[in-house]
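Encoded as structure tokens, the structure appears first; notes follow it.
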Amino acid sequence: MFKRVMFSLALVASATVQADAAGEAKVREAIKALVPSAQIDSVSESKLSGFYEVAMSGQVLYVSADGKYLVQGMVYDIANKRDLTEEKKSVMRKSALAGVPKDRMISFPAKNEKHRVVVFTDIDCGYCRKLHQQIAEYNNLGITVDYLFFPRSGPNTPSFDKAITVWCSADKNKAFTDAKAGVEQEKKTCDNPVAADYELGQKIGVSGTPMIVAADGSQIGGYVPPAQMLERLSALAAK
């Protein structure tokens, strides 16, 4: 009797796996039919009944198991007061940034570090410049800022070239600060990570600068003044 029960359970499990695989295949086919060039990062079961969660290009979408419907937007767990879509994006950002070595960033460290953020920045972005003008205030509050480049205009543009010039300077931090202040600098080239930074930003869904990412992958801005940033980071750390 016990063997028959175990055999039945095995059959059910096998059928479930096959059904899941078939559903995932339909979802992938549906996405590819809609956007043939789509780069799908993952497909997994969603908390939204009858739908799969699809991660691609820093976005999270929901596609019905029959491949007929696509939903783009936030899925919120009312009972537990959790934004499930943003939680998934945070996991994606954290995982992507974990693969970036610290020597690929331009860092402005706090002496007494309490928090660390990654900021995707554009040399010519007004709010990016405003943020960097206050870099000493962030540092004094215990916030270390690690910069990655995201020239919004893309490759082969003045903003992209300025980022390369900063990276190729003998003193990257000084060149970065001067560039943010609008100081003209002699164009330089060398092996640099600007294109890799830009591609990473696209992968995790950077759509504007500055984009501020906390250690857990949460996006906390946009430009955020020093005191407010400390408040948000402390709240995240307390969770």
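Just so we're on the same page: first chain in the structure tokens is A, next is B, and so on; residues restart at 1 for each chain, and ligands are numbered from 1 in the order they show up.
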Taking a cut-off of 8 Å and counting only C-alpha atoms, can you build a table that, for each residue of stretch 126-149 of chain A near stretch 194-211 of chain A, reports the nearest atom pair and how far apart they are in Å (one decimal), sorted by chain then residue number, as JSON lines?
```
{"residue": "A:Tyr127", "atom": "CA", "partner": "A:Pro210", "partner_atom": "CA", "distance": 6.8}
{"residue": "A:Cys128", "atom": "CA", "partner": "A:Pro210", "partner_atom": "CA", "distance": 5.3}
{"residue": "A:Leu148", "atom": "CA", "partner": "A:Asp197", "partner_atom": "CA", "distance": 6.0}
{"residue": "A:Phe149", "atom": "CA", "partner": "A:Asp197", "partner_atom": "CA", "distance": 5.6}
```
Next, the residues of the selection above should be written as a compact mmCIF listing (two decimals), in the first residue's frame with all heavy atoms.
```txt
# COMPACT_ATOMS: atom_id res chain seq x y z
N TYR A 127 20.76 67.01 -11.99
CA TYR A 127 20.56 66.49 -10.63
C TYR A 127 21.75 65.62 -10.19
O TYR A 127 22.02 65.52 -8.99
CB TYR A 127 19.25 65.70 -10.54
CG TYR A 127 18.06 66.60 -10.30
CD1 TYR A 127 17.16 66.88 -11.33
CD2 TYR A 127 17.85 67.19 -9.06
CE1 TYR A 127 16.07 67.72 -11.11
CE2 TYR A 127 16.77 68.03 -8.83
CZ TYR A 127 15.88 68.30 -9.86
OH TYR A 127 14.82 69.14 -9.64
N CYS A 128 22.45 65.01 -11.15
CA CYS A 128 23.67 64.27 -10.81
C CYS A 128 24.72 65.25 -10.27
O CYS A 128 25.44 64.96 -9.31
CB CYS A 128 24.23 63.56 -12.03
SG CYS A 128 23.16 62.30 -12.74
N LEU A 148 28.94 54.56 -10.81
CA LEU A 148 29.07 53.89 -12.10
C LEU A 148 28.53 54.85 -13.16
O LEU A 148 27.62 55.65 -12.88
CB LEU A 148 28.27 52.59 -12.13
CG LEU A 148 28.79 51.45 -11.26
CD1 LEU A 148 27.78 50.29 -11.25
CD2 LEU A 148 30.14 50.94 -11.75
N PHE A 149 29.09 54.77 -14.36
CA PHE A 149 28.69 55.71 -15.42
C PHE A 149 27.47 55.21 -16.19
O PHE A 149 27.37 54.04 -16.55
CB PHE A 149 29.85 55.93 -16.40
CG PHE A 149 30.99 56.72 -15.83
CD1 PHE A 149 32.20 56.11 -15.56
CD2 PHE A 149 30.84 58.08 -15.56
CE1 PHE A 149 33.26 56.84 -15.04
CE2 PHE A 149 31.89 58.81 -15.04
CZ PHE A 149 33.11 58.20 -14.78
```
- Task: Write out as an MDAnalysis selection string all residues of stretch 156-219 of chain A that backbone DSSP assigns to helix (DSSP H, G or I).
- Result: chainID A and resid 158:167 172:180 194:203
Can you write out the residues you just picked, keeping N, CA and C atoms, as a tab-separated table (two decimals), in the first residue's frame?
```
chain	number	residue	atom	x	y	z
A	158	PRO	N	29.22	63.33	-26.57
A	158	PRO	CA	30.08	64.11	-25.67
A	158	PRO	C	30.04	63.63	-24.22
A	159	SER	N	28.85	63.29	-23.71
A	159	SER	CA	28.75	62.83	-22.32
A	159	SER	C	29.50	61.51	-22.10
A	160	PHE	N	29.41	60.63	-23.08
A	160	PHE	CA	30.12	59.36	-23.01
A	160	PHE	C	31.62	59.59	-23.02
A	161	ASP	N	32.08	60.51	-23.89
A	161	ASP	CA	33.51	60.83	-23.98
A	161	ASP	C	34.02	61.45	-22.69
A	162	LYS	N	33.20	62.29	-22.06
A	162	LYS	CA	33.61	62.91	-20.79
A	162	LYS	C	33.81	61.85	-19.71
A	163	ALA	N	32.94	60.85	-19.70
A	163	ALA	CA	33.08	59.77	-18.72
A	163	ALA	C	34.38	59.01	-18.94
A	164	ILE	N	34.70	58.75	-20.19
A	164	ILE	CA	35.95	58.06	-20.51
A	164	ILE	C	37.15	58.90	-20.09
A	165	THR	N	37.10	60.20	-20.35
A	165	THR	CA	38.19	61.10	-19.96
A	165	THR	C	38.41	61.07	-18.45
A	166	VAL	N	37.32	61.09	-17.69
A	166	VAL	CA	37.43	61.03	-16.23
A	166	VAL	C	38.12	59.73	-15.82
A	167	TRP	N	37.66	58.63	-16.38
A	167	TRP	CA	38.23	57.33	-15.99
A	167	TRP	C	39.71	57.24	-16.33
A	172	LYS	N	41.28	60.04	-10.71
A	172	LYS	CA	39.90	59.88	-11.16
A	172	LYS	C	38.92	60.70	-10.33
A	173	ASN	N	39.11	60.71	-9.01
A	173	ASN	CA	38.18	61.43	-8.15
A	173	ASN	C	38.19	62.94	-8.41
A	174	LYS	N	39.41	63.49	-8.59
A	174	LYS	CA	39.51	64.92	-8.89
A	174	LYS	C	38.91	65.22	-10.26
A	175	ALA	N	39.24	64.40	-11.24
A	175	ALA	CA	38.71	64.62	-12.59
A	175	ALA	C	37.19	64.51	-12.59
A	176	PHE	N	36.65	63.58	-11.80
A	176	PHE	CA	35.20	63.41	-11.69
A	176	PHE	C	34.55	64.66	-11.11
A	177	THR	N	35.12	65.15	-10.02
A	177	THR	CA	34.58	66.34	-9.37
A	177	THR	C	34.69	67.55	-10.29
A	178	ASP	N	35.82	67.70	-10.97
A	178	ASP	CA	35.99	68.83	-11.91
A	178	ASP	C	34.97	68.74	-13.05
A	179	ALA	N	34.78	67.54	-13.59
A	179	ALA	CA	33.82	67.37	-14.69
A	179	ALA	C	32.41	67.71	-14.24
A	180	LYS	N	32.06	67.31	-13.03
A	180	LYS	CA	30.73	67.63	-12.50
A	180	LYS	C	30.55	69.14	-12.30
A	194	VAL	N	33.36	52.20	-19.14
A	194	VAL	CA	32.16	53.03	-19.35
A	194	VAL	C	31.09	52.28	-20.15
A	195	ALA	N	31.49	51.60	-21.23
A	195	ALA	CA	30.51	50.85	-22.02
A	195	ALA	C	29.89	49.72	-21.19
A	196	ALA	N	30.72	49.05	-20.36
A	196	ALA	CA	30.21	47.97	-19.51
A	196	ALA	C	29.23	48.51	-18.47
A	197	ASP	N	29.55	49.68	-17.91
A	197	ASP	CA	28.64	50.32	-16.94
A	197	ASP	C	27.31	50.63	-17.60
A	198	TYR	N	27.39	51.19	-18.79
A	198	TYR	CA	26.19	51.58	-19.54
A	198	TYR	C	25.31	50.36	-19.83
A	199	GLU	N	25.93	49.28	-20.27
A	199	GLU	CA	25.19	48.05	-20.56
A	199	GLU	C	24.57	47.47	-19.29
A	200	LEU	N	25.31	47.54	-18.18
A	200	LEU	CA	24.77	47.07	-16.91
A	200	LEU	C	23.54	47.88	-16.51
A	201	GLY	N	23.65	49.20	-16.67
A	201	GLY	CA	22.51	50.07	-16.36
A	201	GLY	C	21.28	49.71	-17.17
A	202	GLN	N	21.48	49.44	-18.45
A	202	GLN	CA	20.35	49.03	-19.29
A	202	GLN	C	19.77	47.70	-18.82
A	203	LYS	N	20.65	46.79	-18.41
A	203	LYS	CA	20.21	45.46	-17.98
A	203	LYS	C	19.32	45.53	-16.75
```
- Query: Skipping near chain neighbours, those fewer than 5 positions away, what residues fall within 9 Å of stretch 65-78 of chain A using only C-alpha atoms, listed as a PyMOL selection string?
  - Reply: chain A and resi 20+22-31+47-48+50-52+59-60+83-86
Only N, CA and C atoms, please: the residues just picked out, written as a PDB file, in the first residue's frame.
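Once written, result25.pdb looks like this:
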```pdb
ATOM      1  N   ASP A  20       4.504  22.612 -15.553  1.00  0.00           N
ATOM      2  CA  ASP A  20       5.261  23.851 -15.332  1.00  0.00           C
ATOM      3  C   ASP A  20       6.158  24.148 -16.529  1.00  0.00           C
ATOM      4  N   ALA A  22       5.735  23.153 -19.603  1.00  0.00           N
ATOM      5  CA  ALA A  22       4.906  23.527 -20.744  1.00  0.00           C
ATOM      6  C   ALA A  22       4.425  24.964 -20.622  1.00  0.00           C
ATOM      7  N   GLY A  23       4.046  25.347 -19.394  1.00  0.00           N
ATOM      8  CA  GLY A  23       3.600  26.725 -19.164  1.00  0.00           C
ATOM      9  C   GLY A  23       4.710  27.723 -19.407  1.00  0.00           C
ATOM     10  N   GLU A  24       5.897  27.402 -18.922  1.00  0.00           N
ATOM     11  CA  GLU A  24       7.046  28.296 -19.122  1.00  0.00           C
ATOM     12  C   GLU A  24       7.373  28.428 -20.608  1.00  0.00           C
ATOM     13  N   ALA A  25       7.286  27.318 -21.327  1.00  0.00           N
ATOM     14  CA  ALA A  25       7.570  27.348 -22.771  1.00  0.00           C
ATOM     15  C   ALA A  25       6.576  28.249 -23.495  1.00  0.00           C
ATOM     16  N   LYS A  26       5.291  28.160 -23.117  1.00  0.00           N
ATOM     17  CA  LYS A  26       4.276  29.016 -23.736  1.00  0.00           C
ATOM     18  C   LYS A  26       4.547  30.489 -23.450  1.00  0.00           C
ATOM     19  N   VAL A  27       4.964  30.762 -22.232  1.00  0.00           N
ATOM     20  CA  VAL A  27       5.265  32.148 -21.847  1.00  0.00           C
ATOM     21  C   VAL A  27       6.433  32.683 -22.672  1.00  0.00           C
ATOM     22  N   ARG A  28       7.475  31.893 -22.799  1.00  0.00           N
ATOM     23  CA  ARG A  28       8.638  32.321 -23.581  1.00  0.00           C
ATOM     24  C   ARG A  28       8.261  32.531 -25.053  1.00  0.00           C
ATOM     25  N   GLU A  29       7.448  31.638 -25.588  1.00  0.00           N
ATOM     26  CA  GLU A  29       6.999  31.775 -26.974  1.00  0.00           C
ATOM     27  C   GLU A  29       6.186  33.055 -27.159  1.00  0.00           C
ATOM     28  N   ALA A  30       5.323  33.351 -26.183  1.00  0.00           N
ATOM     29  CA  ALA A  30       4.484  34.545 -26.266  1.00  0.00           C
ATOM     30  C   ALA A  30       5.327  35.825 -26.259  1.00  0.00           C
ATOM     31  N   ILE A  31       6.330  35.856 -25.384  1.00  0.00           N
ATOM     32  CA  ILE A  31       7.206  37.028 -25.312  1.00  0.00           C
ATOM     33  C   ILE A  31       7.971  37.193 -26.617  1.00  0.00           C
ATOM     34  N   LYS A  47       3.147  34.866  -7.740  1.00  0.00           N
ATOM     35  CA  LYS A  47       2.134  34.847  -6.680  1.00  0.00           C
ATOM     36  C   LYS A  47       0.763  35.182  -7.260  1.00  0.00           C
ATOM     37  N   LEU A  48       0.757  35.765  -8.460  1.00  0.00           N
ATOM     38  CA  LEU A  48      -0.483  36.098  -9.149  1.00  0.00           C
ATOM     39  C   LEU A  48      -1.006  34.825  -9.815  1.00  0.00           C
ATOM     40  N   GLY A  50      -2.274  31.925 -11.905  1.00  0.00           N
ATOM     41  CA  GLY A  50      -2.448  31.735 -13.334  1.00  0.00           C
ATOM     42  C   GLY A  50      -1.454  32.475 -14.198  1.00  0.00           C
ATOM     43  N   PHE A  51      -0.500  33.154 -13.559  1.00  0.00           N
ATOM     44  CA  PHE A  51       0.484  33.943 -14.299  1.00  0.00           C
ATOM     45  C   PHE A  51       1.911  33.550 -13.914  1.00  0.00           C
ATOM     46  N   TYR A  52       2.817  33.725 -14.878  1.00  0.00           N
ATOM     47  CA  TYR A  52       4.239  33.555 -14.638  1.00  0.00           C
ATOM     48  C   TYR A  52       4.903  34.931 -14.529  1.00  0.00           C
ATOM     49  N   GLN A  59      13.134  44.809 -16.027  1.00  0.00           N
ATOM     50  CA  GLN A  59      11.700  44.938 -15.811  1.00  0.00           C
ATOM     51  C   GLN A  59      11.109  43.600 -15.376  1.00  0.00           C
ATOM     52  N   VAL A  60       9.955  43.667 -14.722  1.00  0.00           N
ATOM     53  CA  VAL A  60       9.240  42.465 -14.312  1.00  0.00           C
ATOM     54  C   VAL A  60       7.848  42.513 -14.933  1.00  0.00           C
ATOM     55  N   ASP A  83       5.313  45.078  -1.758  1.00  0.00           N
ATOM     56  CA  ASP A  83       5.345  45.283  -3.200  1.00  0.00           C
ATOM     57  C   ASP A  83       6.197  44.155  -3.789  1.00  0.00           C
ATOM     58  N   LEU A  84       5.556  43.107  -4.277  1.00  0.00           N
ATOM     59  CA  LEU A  84       6.279  41.926  -4.750  1.00  0.00           C
ATOM     60  C   LEU A  84       7.083  42.218  -6.008  1.00  0.00           C
ATOM     61  N   THR A  85       6.596  43.123  -6.838  1.00  0.00           N
ATOM     62  CA  THR A  85       7.310  43.469  -8.066  1.00  0.00           C
ATOM     63  C   THR A  85       8.615  44.185  -7.747  1.00  0.00           C
ATOM     64  N   GLU A  86       8.564  45.150  -6.844  1.00  0.00           N
ATOM     65  CA  GLU A  86       9.778  45.884  -6.475  1.00  0.00           C
ATOM     66  C   GLU A  86      10.759  44.974  -5.749  1.00  0.00           C
TER      67      GLU A  86
END
```
- Which of stretch 78-117 of chain A counts as strand (DSSP E) under DSSP, as a list in words please?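 So, restricting stretch 78-117 of chain A to strand (DSSP E), we get Arg82, Asp83, Ile106, Ser107, Phe108, His115, Arg116 and Val117 of chain A.
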- Residue among A:Glu231, A:Ile220, A:Asp124, A:Gly154 lying closest to A:Val183, counting only C-alpha atoms: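 Closest to A:Val183, using only C-alpha atoms: A:Asp124.
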- Between atom CA of A:Asp191 and atom CA of A:Ser107, what is the distance, to one decimal in Å?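 Atom CA of A:Ser107 lies 18.6 Å from atom CA of A:Asp191.
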- Might you pull out every residue within 12 Å of A:Ala136, with only C-alpha atoms counted and same-chain residues fewer than 5 positions away left off, and present them as a ChimeraX atom specification? /A:108-111,131,141-145,177,225-226
